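Content type PDB, C-alpha atoms, from the file input06.pdb:
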ATOM      1  CA  ALA A   1     -16.496  -1.544  -6.985
ATOM      2  CA  GLN A   2     -14.624  -3.195  -4.192
ATOM      3  CA  SER A   3     -13.912  -1.337  -0.969
ATOM      4  CA  VAL A   4     -12.069  -1.945   2.277
ATOM      5  CA  THR A   5     -12.970  -0.695   5.735
ATOM      6  CA  GLN A   6     -10.691  -0.670   8.735
ATOM      7  CA  PRO A   7     -13.021   0.447  11.530
ATOM      8  CA  ASP A   8     -10.281   1.347  14.010
ATOM      9  CA  ILE A   9      -8.189   4.409  13.196
ATOM     10  CA  HIS A  10      -5.968   4.044  16.264
ATOM     11  CA  ILE A  11      -5.437   1.189  18.717
ATOM     12  CA  THR A  12      -3.279   1.156  21.831
ATOM     13  CA  VAL A  13      -2.232  -2.087  23.492
ATOM     14  CA  SER A  14       0.274  -2.989  26.166
ATOM     15  CA  GLU A  15       3.430  -4.841  25.290
ATOM     16  CA  GLY A  16       2.830  -8.573  25.616
ATOM     17  CA  ALA A  17      -0.925  -8.262  25.108
ATOM     18  CA  SER A  18      -2.796  -9.853  22.248
ATOM     19  CA  LEU A  19      -3.828  -7.858  19.207
ATOM     20  CA  GLU A  20      -6.613  -7.991  16.667
ATOM     21  CA  LEU A  21      -6.960  -5.464  13.846
ATOM     22  CA  ARG A  22     -10.213  -5.514  11.937
ATOM     23  CA  CYS A  23     -10.700  -5.434   8.196
ATOM     24  CA  ASN A  24     -13.956  -5.734   6.265
ATOM     25  CA  TYR A  25     -14.241  -5.739   2.505
ATOM     26  CA  SER A  26     -16.984  -5.319  -0.016
ATOM     27  CA  TYR A  27     -16.828  -7.489  -3.105
ATOM     28  CA  GLY A  28     -19.172  -9.986  -4.715
ATOM     29  CA  ALA A  29     -16.786 -12.910  -4.831
ATOM     30  CA  THR A  30     -13.667 -13.928  -2.936
ATOM     31  CA  PRO A  31     -10.983 -11.336  -3.503
ATOM     32  CA  TYR A  32      -7.293 -11.502  -2.903
ATOM     33  CA  LEU A  33      -6.595 -10.120   0.584
ATOM     34  CA  PHE A  34      -3.454  -8.545   1.955
ATOM     35  CA  TRP A  35      -2.095  -6.993   5.123
ATOM     36  CA  TYR A  36       0.774  -4.506   4.889
ATOM     37  CA  VAL A  37       2.707  -2.757   7.663
ATOM     38  CA  GLN A  38       4.260   0.692   7.461
ATOM     39  CA  SER A  39       6.857   1.699  10.028
ATOM     40  CA  PRO A  40       7.329   5.442  10.586
ATOM     41  CA  GLY A  41       8.964   7.108   7.604
ATOM     42  CA  GLN A  42       9.093   3.870   5.646
ATOM     43  CA  GLY A  43       7.344   2.282   2.709
ATOM     44  CA  LEU A  44       4.912  -0.593   3.077
ATOM     45  CA  GLN A  45       5.964  -4.183   3.718
ATOM     46  CA  LEU A  46       3.784  -7.225   3.110
ATOM     47  CA  LEU A  47       2.844  -9.140   6.269
ATOM     48  CA  LEU A  48       0.684 -11.839   4.689
ATOM     49  CA  LYS A  49      -1.794 -12.543   1.923
ATOM     50  CA  TYR A  50      -4.732 -14.827   1.172
ATOM     51  CA  PHE A  51      -5.721 -16.158  -2.213
ATOM     52  CA  SER A  52      -7.543 -19.430  -1.543
ATOM     53  CA  GLY A  53      -7.389 -22.591   0.546
ATOM     54  CA  ASP A  54      -6.797 -22.587   4.284
ATOM     55  CA  THR A  55      -8.592 -19.570   5.720
ATOM     56  CA  LEU A  56      -5.992 -19.055   8.463
ATOM     57  CA  VAL A  57      -2.885 -17.482   6.980
ATOM     58  CA  GLN A  58       0.474 -17.180   8.684
ATOM     59  CA  GLY A  59       2.704 -14.221   7.991
ATOM     60  CA  ILE A  60       5.973 -12.680   9.008
ATOM     61  CA  LYS A  61       6.782 -11.302  12.466
ATOM     62  CA  GLY A  62       4.375 -13.707  14.179
ATOM     63  CA  PHE A  63       1.216 -12.294  12.586
ATOM     64  CA  GLU A  64      -1.708 -14.319  11.302
ATOM     65  CA  ALA A  65      -5.023 -13.452   9.687
ATOM     66  CA  GLU A  66      -8.260 -15.333   9.236
ATOM     67  CA  PHE A  67     -10.526 -15.019   6.221
ATOM     68  CA  LYS A  68     -14.216 -15.298   7.108
ATOM     69  CA  ARG A  69     -16.374 -15.301   4.014
ATOM     70  CA  SER A  70     -19.640 -15.074   5.961
ATOM     71  CA  GLN A  71     -18.479 -11.853   7.609
ATOM     72  CA  SER A  72     -16.493 -10.451   4.652
ATOM     73  CA  SER A  73     -13.622 -10.016   7.063
ATOM     74  CA  PHE A  74      -9.885 -10.590   7.137
ATOM     75  CA  ASN A  75      -8.773  -9.683  10.656
ATOM     76  CA  LEU A  76      -5.118  -9.567  11.614
ATOM     77  CA  ARG A  77      -3.984 -11.088  14.914
ATOM     78  CA  LYS A  78      -0.879 -11.490  17.010
ATOM     79  CA  PRO A  79      -0.808 -13.366  20.338
ATOM     80  CA  SER A  80       1.740 -11.116  22.028
ATOM     81  CA  VAL A  81       2.841  -7.738  20.678
ATOM     82  CA  HIS A  82       6.311  -6.275  20.949
ATOM     83  CA  TRP A  83       7.250  -2.599  21.104
ATOM     84  CA  SER A  84       8.658  -2.935  17.578
ATOM     85  CA  ASP A  85       5.162  -3.700  16.264
ATOM     86  CA  ALA A  86       4.193  -0.048  16.664
ATOM     87  CA  ALA A  87       3.353   1.009  13.119
ATOM     88  CA  GLU A  88       0.478   1.641  10.738
ATOM     89  CA  TYR A  89      -1.280  -1.394   9.322
ATOM     90  CA  PHE A  90      -3.138  -1.488   6.040
ATOM     91  CA  CYS A  91      -5.572  -4.063   4.751
ATOM     92  CA  ALA A  92      -5.906  -4.293   0.965
ATOM     93  CA  VAL A  93      -8.129  -6.058  -1.525
ATOM     94  CA  GLY A  94      -7.182  -7.198  -5.000
ATOM     95  CA  VAL A  95      -9.785  -8.223  -7.536
ATOM     96  CA  PRO A  96      -9.023 -11.189  -9.801
ATOM     97  CA  GLY A  97      -8.307  -9.862 -13.295
ATOM     98  CA  ALA A  98      -7.888  -6.262 -12.186
ATOM     99  CA  GLN A  99      -4.509  -4.636 -11.929
ATOM    100  CA  LYS A 100      -4.779  -2.747  -8.703
ATOM    101  CA  LEU A 101      -5.111  -3.045  -4.972
ATOM    102  CA  VAL A 102      -7.631  -1.079  -2.962
ATOM    103  CA  PHE A 103      -6.335  -0.110   0.451
ATOM    104  CA  GLY A 104      -8.178   0.579   3.672
ATOM    105  CA  GLN A 105      -7.633   3.790   5.586
ATOM    106  CA  GLY A 106      -5.112   2.176   7.904
ATOM    107  CA  THR A 107      -4.948   1.474  11.654
ATOM    108  CA  ARG A 108      -2.234   3.089  13.710
ATOM    109  CA  LEU A 109      -0.953   0.802  16.474
ATOM    110  CA  THR A 110       0.645   2.225  19.598
ATOM    111  CA  ILE A 111       2.338  -0.048  22.126
ATOM    112  CA  ASN A 112       2.436   0.885  25.810
ATOM    113  CA  PRO A 113       5.484  -0.351  27.734
TER     114      PRO A 113
ATOM    115  CA  ILE B   1      19.874  -5.381  -4.137
ATOM    116  CA  ALA B   2      18.330  -1.953  -3.652
ATOM    117  CA  GLY B   3      14.775  -2.887  -4.610
ATOM    118  CA  ILE B   4      12.950   0.346  -5.379
ATOM    119  CA  THR B   5      14.505   3.770  -5.144
ATOM    120  CA  GLN B   6      12.608   7.042  -5.255
ATOM    121  CA  ALA B   7      13.896  10.559  -5.697
ATOM    122  CA  PRO B   8      13.750  13.092  -4.280
ATOM    123  CA  THR B   9      13.134  12.103  -0.663
ATOM    124  CA  SER B  10      11.222  15.306  -0.108
ATOM    125  CA  GLN B  11      10.452  18.458  -2.031
ATOM    126  CA  ILE B  12       8.770  21.797  -1.488
ATOM    127  CA  LEU B  13       7.285  23.158  -4.682
ATOM    128  CA  ALA B  14       5.557  26.359  -5.675
ATOM    129  CA  ALA B  15       2.086  25.975  -7.134
ATOM    130  CA  GLY B  16       2.099  25.989 -10.915
ATOM    131  CA  ARG B  17       5.544  24.454 -11.220
ATOM    132  CA  ARG B  18       6.262  21.223 -13.040
ATOM    133  CA  MET B  19       7.709  18.329 -11.047
ATOM    134  CA  THR B  20       8.822  14.810 -11.871
ATOM    135  CA  LEU B  21       9.109  12.173  -9.191
ATOM    136  CA  ARG B  22      11.522   9.417 -10.107
ATOM    137  CA  CYS B  23      11.151   5.710  -9.431
ATOM    138  CA  THR B  24      13.599   2.965 -10.353
ATOM    139  CA  GLN B  25      13.444  -0.745  -9.572
ATOM    140  CA  ASP B  26      16.147  -3.353 -10.006
ATOM    141  CA  MET B  27      13.997  -6.467  -9.630
ATOM    142  CA  ARG B  28      13.016  -6.675 -13.315
ATOM    143  CA  HIS B  29       9.365  -6.563 -12.317
ATOM    144  CA  ASN B  30       6.840  -6.139 -15.086
ATOM    145  CA  ALA B  31       4.249  -4.112 -13.173
ATOM    146  CA  MET B  32       4.769  -0.753 -11.492
ATOM    147  CA  TYR B  33       2.447   1.561  -9.578
ATOM    148  CA  TRP B  34       2.204   5.055  -8.165
ATOM    149  CA  TYR B  35       0.183   5.714  -5.018
ATOM    150  CA  ARG B  36      -0.446   8.778  -2.930
ATOM    151  CA  GLN B  37      -0.922   8.514   0.813
ATOM    152  CA  ASP B  38      -3.043  11.030   2.657
ATOM    153  CA  LEU B  39      -4.025  10.995   6.311
ATOM    154  CA  GLY B  40      -7.268   9.122   6.856
ATOM    155  CA  LEU B  41      -7.499   8.014   3.229
ATOM    156  CA  GLY B  42      -4.922   5.251   3.087
ATOM    157  CA  LEU B  43      -3.176   4.716  -0.226
ATOM    158  CA  ARG B  44      -4.866   5.584  -3.490
ATOM    159  CA  LEU B  45      -3.649   4.410  -6.868
ATOM    160  CA  ILE B  46      -2.707   7.204  -9.290
ATOM    161  CA  HIS B  47      -1.388   5.317 -12.337
ATOM    162  CA  TYR B  48      -0.028   1.893 -13.072
ATOM    163  CA  SER B  49       1.883   0.056 -15.758
ATOM    164  CA  ASN B  50       1.502  -3.658 -16.463
ATOM    165  CA  THR B  51       4.609  -3.799 -18.625
ATOM    166  CA  ALA B  52       7.048  -1.502 -20.378
ATOM    167  CA  GLY B  53       5.311   0.628 -22.983
ATOM    168  CA  THR B  54       1.851   0.479 -21.377
ATOM    169  CA  THR B  55       0.207   2.591 -18.685
ATOM    170  CA  GLY B  56      -3.226   2.813 -17.103
ATOM    171  CA  LYS B  57      -5.224   5.161 -14.921
ATOM    172  CA  GLY B  58      -5.887   4.410 -11.306
ATOM    173  CA  GLU B  59      -8.320   5.878  -8.837
ATOM    174  CA  VAL B  60      -6.994   9.476  -8.774
ATOM    175  CA  PRO B  61      -5.163  10.179 -12.068
ATOM    176  CA  ASP B  62      -6.146  13.813 -12.673
ATOM    177  CA  GLY B  63      -3.196  16.216 -12.701
ATOM    178  CA  TYR B  64      -0.638  13.411 -13.052
ATOM    179  CA  SER B  65       1.022  11.674 -15.985
ATOM    180  CA  VAL B  66       3.377   8.710 -16.249
ATOM    181  CA  SER B  67       5.543   7.005 -18.824
ATOM    182  CA  ARG B  68       7.159   3.572 -18.958
ATOM    183  CA  ALA B  69       9.916   3.673 -21.544
ATOM    184  CA  ASN B  70      11.736   0.689 -20.053
ATOM    185  CA  THR B  71      11.265  -1.991 -17.395
ATOM    186  CA  ASP B  72      13.150  -0.259 -14.612
ATOM    187  CA  ASP B  73      11.885   3.330 -14.589
ATOM    188  CA  PHE B  74       8.426   4.739 -13.963
ATOM    189  CA  PRO B  75       8.482   8.541 -13.492
ATOM    190  CA  LEU B  76       5.440  10.457 -12.266
ATOM    191  CA  THR B  77       4.979  14.012 -13.546
ATOM    192  CA  LEU B  78       2.883  16.810 -12.127
ATOM    193  CA  ALA B  79       2.512  19.216 -15.050
ATOM    194  CA  SER B  80       1.308  22.162 -12.971
ATOM    195  CA  ALA B  81       1.324  21.429  -9.251
ATOM    196  CA  VAL B  82      -1.565  22.476  -7.003
ATOM    197  CA  PRO B  83      -1.721  22.496  -3.191
ATOM    198  CA  SER B  84      -4.103  19.512  -3.152
ATOM    199  CA  GLN B  85      -1.250  17.426  -4.536
ATOM    200  CA  THR B  86       0.610  17.823  -1.254
ATOM    201  CA  SER B  87       1.054  14.220  -0.181
ATOM    202  CA  VAL B  88       3.455  11.351   0.279
ATOM    203  CA  TYR B  89       3.987   9.469  -2.961
ATOM    204  CA  PHE B  90       4.921   5.806  -3.082
ATOM    205  CA  CYS B  91       6.138   3.837  -6.040
ATOM    206  CA  ALA B  92       5.663   0.062  -6.026
ATOM    207  CA  SER B  93       6.373  -2.867  -8.283
ATOM    208  CA  SER B  94       5.316  -6.470  -8.644
ATOM    209  CA  ASP B  95       6.340  -9.323 -10.892
ATOM    210  CA  THR B  96       3.126  -9.778 -12.843
ATOM    211  CA  GLY B  97       0.544  -7.566 -11.148
ATOM    212  CA  VAL B  98      -2.263  -8.541  -8.786
ATOM    213  CA  PRO B  99      -2.151 -10.851  -6.880
ATOM    214  CA  ASP B 100       1.628 -10.793  -6.744
ATOM    215  CA  THR B 101       3.218  -9.065  -3.786
ATOM    216  CA  GLN B 102       3.801  -5.379  -4.333
ATOM    217  CA  TYR B 103       7.142  -4.036  -3.138
ATOM    218  CA  PHE B 104       7.204  -0.400  -2.091
ATOM    219  CA  GLY B 105       9.790   2.323  -2.278
ATOM    220  CA  PRO B 106      10.569   4.614   0.677
ATOM    221  CA  GLY B 107       8.336   7.415  -0.590
ATOM    222  CA  THR B 108       8.628  11.063  -1.620
ATOM    223  CA  ARG B 109       7.109  13.732   0.591
ATOM    224  CA  LEU B 110       5.865  16.557  -1.616
ATOM    225  CA  THR B 111       4.597  19.890  -0.361
ATOM    226  CA  VAL B 112       2.966  22.297  -2.826
ATOM    227  CA  LEU B 113       2.633  25.851  -1.592
TER     228      LEU B 113
END

The structure given in the file should be rewritten as C-alpha cells.
Amino acid sequence: AQSVTQPDIHITVSEGASLELRCNYSYGATPYLFWYVQSPGQGLQLLLKYFSGDTLVQGIKGFEAEFKRSQSSFNLRKPSVHWSDAAEYFCAVGVPGAQKLVFGQGTRLTINP
Amino acid sequence: IAGITQAPTSQILAAGRRMTLRCTQDMRHNAMYWYRQDLGLGLRLIHYSNTAGTTGKGEVPDGYSVSRANTDDFPLTLASAVPSQTSVYFCASSDTGVPDTQYFGPGTRLTVL
C-alpha cells in the first residue's frame, strides 16, 4: 500500500527566508502527488498537484514543488515566506485507479517576524 | 457559491449516543469523502462515495456509517459514539474522484466523553 512521510513535524523560519518542506512517498509507480495547506481552524486548500510531465510544478501563493522519481520525493518550496504562510501543510498521494488520497502526518510552519 | 458546508461546527457528545454529522455540497460533484484528523496522524479516510447511491470503506471505517441518497448530501453517522472517535471531521468532494482536486469543508470538531 502507498504511504507518505513528512519527516518534519514542525518548522520555524523567519519572514522573508526561503522554505522547503519535505515529502517522501512509497509506491511502485508514479502516483498522483498533492500539497494542501490548512490555516488554523480551516479546512484544507489545494496548493498544487503533479500528475505527469514537467517535474517542477507551480502552485498558488508562490509555492512550487519538484517531483524527483529517483528519491521518491515531492518537496514543497517557496523562495520568500510571508507571515500569512503560517499554517499546516499536508502532502498526499493518490494512486491511479484508486478512489482515495493518502495523507502525510503534516508539517506545521511557524513564521518568525 | 458556498462550496461544502458541514454541521454542526462542534459538538460534545456522551459516549454511547448516536450522532450524525451533516455534509452538503453545491458543486454537483460526483465523489464525496469523510476524513478524520488527529494530531500526528494527518487525515485518514473513513468512507467515500464515487457517485450517488454508492459508498465505500476507507482506511478507518469501523464505528461509522454513511449514505449517499443524492448528489449533494453525504451524512456520517456514529451509531454509538466512543471516546476514541473524538476528532475533527472533514467532508470533501471532487468532480470525478482521484486525481481531481478535493475541496474540503470547514470541519466538525467532535468530543466524545

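The neighbours of A:Val95 here are the residues that come within 10 Å of it, using only C-alpha atoms and leaving out any residue fewer than 2 positions away in the same chain; they are Ala1, Gln2, Tyr27, Gly28, Ala29, Thr30, Pro31, Tyr32, Leu33, Val93, Gly97, Ala98, Gln99, Lys100, Leu101 and Val102 of chain A; Val98 and Pro99 of chain B.
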
Tell me which protein, DNA and RNA residues are within 9 Å of A:Leu46, counting all atoms listed in the file, leaving out same-chain ones fewer than 6 positions away, and put them as a PDB file with C-alpha atoms, keeping the file's coordinate frame.
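Saved the output as selection.pdb:
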ATOM      1  CA  PHE A  34      -3.454  -8.545   1.955  1.00  0.00           C
ATOM      2  CA  TRP A  35      -2.095  -6.993   5.123  1.00  0.00           C
ATOM      3  CA  TYR A  36       0.774  -4.506   4.889  1.00  0.00           C
ATOM      4  CA  VAL A  37       2.707  -2.757   7.663  1.00  0.00           C
ATOM      5  CA  GLY A  59       2.704 -14.221   7.991  1.00  0.00           C
ATOM      6  CA  ILE A  60       5.973 -12.680   9.008  1.00  0.00           C
TER       7      ILE A  60
ATOM      8  CA  THR B 101       3.218  -9.065  -3.786  1.00  0.00           C
ATOM      9  CA  GLN B 102       3.801  -5.379  -4.333  1.00  0.00           C
ATOM     10  CA  TYR B 103       7.142  -4.036  -3.138  1.00  0.00           C
TER      11      TYR B 103
END

Could you list, as an MDAnalysis selection string, the residues of chain B having an atom within 6 Å of chain A when counting all atoms listed in the file?
-> chainID B and resid 40:43 97:98 104:106

Pull out every residue that the PyMOL selection byres ((chain A and resi 68-80) around 8) matches in the shown coordinates and put them as a PyMOL selection string.
-> chain A and resi 15-26+30+33+35+55+62-67+81-82

Would you mind exporting the chosen residues as a compact mmCIF listing (two decimals), in the frame of the given file, restricted to C-alpha atoms?
# COMPACT_ATOMS: atom_id res chain seq x y z
CA GLU A 15 3.43 -4.84 25.29
CA GLY A 16 2.83 -8.57 25.62
CA ALA A 17 -0.92 -8.26 25.11
CA SER A 18 -2.80 -9.85 22.25
CA LEU A 19 -3.83 -7.86 19.21
CA GLU A 20 -6.61 -7.99 16.67
CA LEU A 21 -6.96 -5.46 13.85
CA ARG A 22 -10.21 -5.51 11.94
CA CYS A 23 -10.70 -5.43 8.20
CA ASN A 24 -13.96 -5.73 6.26
CA TYR A 25 -14.24 -5.74 2.50
CA SER A 26 -16.98 -5.32 -0.02
CA THR A 30 -13.67 -13.93 -2.94
CA LEU A 33 -6.60 -10.12 0.58
CA TRP A 35 -2.10 -6.99 5.12
CA THR A 55 -8.59 -19.57 5.72
CA GLY A 62 4.38 -13.71 14.18
CA PHE A 63 1.22 -12.29 12.59
CA GLU A 64 -1.71 -14.32 11.30
CA ALA A 65 -5.02 -13.45 9.69
CA GLU A 66 -8.26 -15.33 9.24
CA PHE A 67 -10.53 -15.02 6.22
CA VAL A 81 2.84 -7.74 20.68
CA HIS A 82 6.31 -6.28 20.95

Cut-off 10 Å around (-2.1, 8.9, -12.4) with all atoms listed in the file: residues as a PyMOL selection string = chain B and resi 33-36+44-48+55-66+76-78
